[in-house]
Amino acid sequence: MTPGDSDDHAAAFSDFYHRERTRLFRFAAVMSPHLDHESAVQEAFVSAWRHWPSISPPARRAWLVKTIRNLLVDQSRRLERPSEVTDEVIARSRILVPRHREAEAWHELTSTLAAIARLPDQLRTALVLRFWDFDDDETADVLGCRRESVRRYVSDARARISEVVGNPERRVRGSRRGKGTP
Amino acid sequence: MTDDDPDRPTADPVGLEPRLDELRAELTEAIPDDPDADDLGVAAIIAQGSPTPTTPERHAALLTAARDGDGSALDTLVAELTPLVWHVARGNGLDQALAEDVVQTVWLSLLRHLDRIAEPRALAGWLIVTTRREAQRAWREANGRAALSSDSAVDVPDTRWLPETEALRDDRDRRLWRAFAALPRRCQELLRLTVLAGRAEYRAVAEALAMPRGSIGPTRGRCLNTLRARLEREGGA
């Protein structure tokens, strides 16, 4: 053993943090825009460091994703009414900044984000990981399912989102939605 | 998105993809890739994630095992106590490269003195004292004069060891660190050490700062009050 071992751990951790942080922050933001997603990511990194030597290097990112997801689930359970992720709640999260853009386009983006946030957990995780370019094998590892299931989850998720947004012909009606959205 | 997705054409009968692409572009801009190294962020995570050394007994047991040739015991000690050593080095005004040298020197020195640490339960204290001494020596060598950490300087504000401006995520952090920088040097070091070393190591901290052990808690309280007052005065609370 040399004193270099812990330096190696710290250096590997630092590299990993710098390489992955942005994508993980983005993942968490789309998973739960209305929750304190930044804290969840931060907390997950702390937890990763605590378990660093025991996490196999190829599984590190999936480990982080799983941990972030669990922390977000914990957070949502503490909300008073966890099921009410309305467009308004998402709009208030201020992830999307309503600048130099038509109100309607902004509304569309917010509705899309809200529709994603309302998906059942498995579908949402699969979709959001695909959204940020995680490959299906890694997603399968996160979800504890087969690669084929990941594809099904993603297409189910897309289908559900499409029912709410995405149809250009529905844009006009879309602006009147809002109140009826669960 | 990956290209090998045969489902996509059928899954996108209503033009969802462009909407998702737009959303992705928007979020990528809202959460930009930060090219700057966030070493303070990493240090904070490591400090927070390292098991709080509330157990000098455990460290003592590890040290004893290390003496008997248990390499993994030594590994664990180094992993758990490096954040403390690192912060003592940085807290004494060293830049990153010098601090890294000092951390290395301190651990090598521990290896050489494994059998001579009289009180294994005081390992953290030994490390703090050794690191301060090494840090001051390194500072002297680099600057050609004694470090500012001599007693005359402990009561003046110290802005040397502060996170890079870019590393601070929001205005609250900036206000907090500005207020922290205005604290007397002794307060800064005391807060840093007590956060990293934990309550059980107050004795080591007291030794390192040449303060009576019983005054660590109350002094820490006063330092925190000063920090709070500064923040409130700035309207930051």
# chains A, B, ... in the order shown; residues from 1 in each chain; ligands from 1
>>> residues_around(residues="range 26-29 of chain A", least_positions_apart="4", cutoff="7 Å", atoms="only C-alpha atoms", output="ChimeraX atom specification")
/A:22,33,37,128-129,132 /B:31
>>> write_last_selection(atoms="N, CA, C and O atoms", output="CSV table (one decimal), in the first residue's frame")
chain,number,residue,atom,x,y,z
A,22,THR,N,-22.6,17.3,-15.1
A,22,THR,CA,-23.6,18.1,-15.9
A,22,THR,C,-24.8,17.2,-16.4
A,22,THR,O,-25.9,17.5,-16.2
A,33,PRO,N,-38.4,18.3,-12.1
A,33,PRO,CA,-38.1,19.7,-12.2
A,33,PRO,C,-38.6,20.5,-10.9
A,33,PRO,O,-38.1,21.5,-10.5
A,37,HIS,N,-33.8,19.0,-7.2
A,37,HIS,CA,-33.0,18.0,-7.9
A,37,HIS,C,-31.5,18.2,-7.7
A,37,HIS,O,-30.7,17.3,-7.7
A,128,VAL,N,-36.1,9.5,-19.8
A,128,VAL,CA,-35.2,10.6,-19.5
A,128,VAL,C,-33.8,10.2,-19.7
A,128,VAL,O,-32.9,11.0,-20.2
A,129,LEU,N,-33.5,8.9,-19.4
A,129,LEU,CA,-32.1,8.5,-19.7
A,129,LEU,C,-31.8,8.5,-21.2
A,129,LEU,O,-30.8,8.9,-21.7
A,132,TRP,N,-31.2,12.0,-22.5
A,132,TRP,CA,-29.8,12.5,-22.3
A,132,TRP,C,-28.7,11.5,-22.8
A,132,TRP,O,-27.6,11.5,-22.3
B,31,ILE,N,-28.9,24.3,-18.2
B,31,ILE,CA,-27.9,23.7,-17.3
B,31,ILE,C,-26.7,23.4,-18.1
B,31,ILE,O,-26.4,22.3,-18.6
>>> atom_distance(atom1="CA of Arg233 in chain B", atom2="CA of Glu38 in chain A")
28.0 Å
>>> residues_around(residues="range 139-151 of chain A", least_positions_apart="3", cutoff="6 Å", atoms="only C-alpha atoms", output="ChimeraX atom specification")
/A:62,66,136,154
>>> write_last_selection(atoms="all heavy atoms", output="JSON list (two decimals), in the first residue's frame")
[["chain", "number", "residue", "atom", "x", "y", "z"],
["A", 62, "ALA", "N", -24.31, 4.34, -13.46],
["A", 62, "ALA", "CA", -25.63, 3.74, -13.19],
["A", 62, "ALA", "C", -25.92, 3.79, -11.69],
["A", 62, "ALA", "O", -27.05, 4.04, -11.27],
["A", 62, "ALA", "CB", -25.67, 2.30, -13.70],
["A", 66, "LYS", "N", -29.19, 5.56, -10.10],
["A", 66, "LYS", "CA", -30.12, 4.86, -9.20],
["A", 66, "LYS", "C", -30.28, 5.65, -7.90],
["A", 66, "LYS", "O", -31.38, 5.80, -7.38],
["A", 66, "LYS", "CB", -29.59, 3.46, -8.87],
["A", 66, "LYS", "CG", -29.86, 2.44, -9.95],
["A", 66, "LYS", "CD", -29.39, 1.06, -9.49],
["A", 66, "LYS", "CE", -28.24, 0.60, -10.36],
["A", 66, "LYS", "NZ", -27.78, -0.76, -10.11],
["A", 136, "ASP", "N", -29.02, 1.89, -23.82],
["A", 136, "ASP", "CA", -30.06, 1.03, -23.27],
["A", 136, "ASP", "C", -29.52, 0.04, -22.24],
["A", 136, "ASP", "O", -30.22, -0.34, -21.29],
["A", 136, "ASP", "CB", -30.77, 0.28, -24.39],
["A", 136, "ASP", "CG", -31.67, 1.22, -25.18],
["A", 136, "ASP", "OD1", -31.80, 2.39, -24.77],
["A", 136, "ASP", "OD2", -32.25, 0.78, -26.19],
["A", 154, "VAL", "N", -39.51, 3.05, -23.21],
["A", 154, "VAL", "CA", -39.30, 4.33, -23.89],
["A", 154, "VAL", "C", -40.44, 4.60, -24.87],
["A", 154, "VAL", "O", -40.98, 5.71, -24.92],
["A", 154, "VAL", "CB", -37.94, 4.36, -24.62],
["A", 154, "VAL", "CG1", -37.82, 5.61, -25.49],
["A", 154, "VAL", "CG2", -36.79, 4.33, -23.62]]
>>> decode(residues="range 43-57 of chain A", atoms="all heavy atoms", output="compact mmCIF listing (two decimals), in the first residue's frame")
# COMPACT_ATOMS: atom_id res chain seq x y z
N GLU A 43 -26.17 15.06 -3.07
CA GLU A 43 -26.22 14.03 -2.04
C GLU A 43 -25.78 12.67 -2.60
O GLU A 43 -25.10 11.89 -1.93
CB GLU A 43 -27.66 13.94 -1.52
CG GLU A 43 -27.79 13.52 -0.08
CD GLU A 43 -29.26 13.53 0.35
OE1 GLU A 43 -29.94 14.55 0.10
OE2 GLU A 43 -29.71 12.53 0.89
N ALA A 44 -26.17 12.42 -3.84
CA ALA A 44 -25.80 11.14 -4.47
C ALA A 44 -24.28 11.06 -4.65
O ALA A 44 -23.69 9.99 -4.46
CB ALA A 44 -26.51 10.99 -5.81
N PHE A 45 -23.65 12.18 -4.99
CA PHE A 45 -22.20 12.17 -5.12
C PHE A 45 -21.52 11.92 -3.77
O PHE A 45 -20.52 11.20 -3.70
CB PHE A 45 -21.69 13.50 -5.72
CG PHE A 45 -21.62 13.50 -7.22
CD1 PHE A 45 -22.44 14.33 -7.97
CD2 PHE A 45 -20.73 12.66 -7.89
CE1 PHE A 45 -22.38 14.33 -9.36
CE2 PHE A 45 -20.66 12.66 -9.27
CZ PHE A 45 -21.49 13.49 -10.01
N VAL A 46 -22.07 12.52 -2.72
CA VAL A 46 -21.51 12.27 -1.39
C VAL A 46 -21.60 10.78 -1.06
O VAL A 46 -20.65 10.15 -0.59
CB VAL A 46 -22.26 13.10 -0.31
CG1 VAL A 46 -21.85 12.66 1.09
CG2 VAL A 46 -21.98 14.59 -0.50
N SER A 47 -22.77 10.22 -1.36
CA SER A 47 -22.97 8.80 -1.09
C SER A 47 -22.03 7.95 -1.94
O SER A 47 -21.49 6.94 -1.48
CB SER A 47 -24.44 8.49 -1.39
OG SER A 47 -24.73 7.19 -1.07
N ALA A 48 -21.83 8.37 -3.19
CA ALA A 48 -20.92 7.62 -4.07
C ALA A 48 -19.50 7.62 -3.50
O ALA A 48 -18.82 6.61 -3.52
CB ALA A 48 -20.93 8.23 -5.46
N TRP A 49 -19.10 8.78 -2.98
CA TRP A 49 -17.74 8.83 -2.41
C TRP A 49 -17.63 7.90 -1.21
O TRP A 49 -16.64 7.22 -1.02
CB TRP A 49 -17.38 10.26 -2.03
CG TRP A 49 -16.09 10.32 -1.27
CD1 TRP A 49 -15.93 10.61 0.06
CD2 TRP A 49 -14.77 10.04 -1.77
NE1 TRP A 49 -14.61 10.54 0.40
CE2 TRP A 49 -13.87 10.18 -0.69
CE3 TRP A 49 -14.28 9.67 -3.02
CZ2 TRP A 49 -12.50 9.97 -0.82
CZ3 TRP A 49 -12.92 9.46 -3.15
CH2 TRP A 49 -12.05 9.61 -2.06
N ARG A 50 -18.70 7.86 -0.43
CA ARG A 50 -18.70 6.99 0.75
C ARG A 50 -18.51 5.52 0.35
O ARG A 50 -17.91 4.75 1.06
CB ARG A 50 -20.05 7.15 1.46
CG ARG A 50 -19.91 7.42 2.93
CD ARG A 50 -21.25 7.84 3.51
NE ARG A 50 -21.22 9.22 3.96
CZ ARG A 50 -22.30 9.99 4.06
NH1 ARG A 50 -23.48 9.54 3.74
NH2 ARG A 50 -22.17 11.22 4.50
N HIS A 51 -19.06 5.15 -0.79
CA HIS A 51 -18.99 3.74 -1.21
C HIS A 51 -18.01 3.53 -2.35
O HIS A 51 -18.00 2.47 -2.97
CB HIS A 51 -20.38 3.27 -1.65
CG HIS A 51 -21.40 3.32 -0.55
ND1 HIS A 51 -22.22 4.40 -0.35
CD2 HIS A 51 -21.69 2.45 0.43
CE1 HIS A 51 -23.00 4.17 0.69
NE2 HIS A 51 -22.70 3.00 1.20
N TRP A 52 -17.22 4.54 -2.64
CA TRP A 52 -16.41 4.56 -3.86
C TRP A 52 -15.63 3.28 -4.12
O TRP A 52 -15.71 2.71 -5.21
CB TRP A 52 -15.48 5.78 -3.82
CG TRP A 52 -14.83 6.08 -5.13
CD1 TRP A 52 -13.51 5.97 -5.42
CD2 TRP A 52 -15.47 6.55 -6.32
NE1 TRP A 52 -13.30 6.35 -6.72
CE2 TRP A 52 -14.48 6.70 -7.30
CE3 TRP A 52 -16.80 6.83 -6.66
CZ2 TRP A 52 -14.75 7.13 -8.59
CZ3 TRP A 52 -17.07 7.26 -7.95
CH2 TRP A 52 -16.06 7.41 -8.89
N PRO A 53 -14.85 2.80 -3.14
CA PRO A 53 -14.02 1.61 -3.45
C PRO A 53 -14.85 0.38 -3.78
O PRO A 53 -14.35 -0.53 -4.44
CB PRO A 53 -13.23 1.38 -2.15
CG PRO A 53 -13.33 2.66 -1.39
CD PRO A 53 -14.65 3.26 -1.77
N SER A 54 -16.10 0.35 -3.34
CA SER A 54 -16.88 -0.87 -3.57
C SER A 54 -17.76 -0.79 -4.82
O SER A 54 -18.44 -1.76 -5.17
CB SER A 54 -17.75 -1.17 -2.34
OG SER A 54 -18.69 -0.14 -2.17
N ILE A 55 -17.76 0.35 -5.50
CA ILE A 55 -18.56 0.45 -6.73
C ILE A 55 -17.65 0.15 -7.91
O ILE A 55 -16.62 0.81 -8.08
CB ILE A 55 -19.14 1.87 -6.91
CG1 ILE A 55 -19.86 2.32 -5.64
CG2 ILE A 55 -20.11 1.90 -8.09
CD1 ILE A 55 -20.26 3.78 -5.66
N SER A 56 -18.02 -0.82 -8.71
CA SER A 56 -17.11 -1.17 -9.81
C SER A 56 -17.12 -0.05 -10.84
O SER A 56 -18.19 0.51 -11.14
CB SER A 56 -17.51 -2.50 -10.43
OG SER A 56 -18.38 -2.28 -11.51
N PRO A 57 -15.95 0.30 -11.36
CA PRO A 57 -15.86 1.47 -12.24
C PRO A 57 -16.88 1.51 -13.37
O PRO A 57 -17.47 2.57 -13.60
CB PRO A 57 -14.42 1.42 -12.74
CG PRO A 57 -13.67 0.75 -11.64
CD PRO A 57 -14.62 -0.27 -11.06
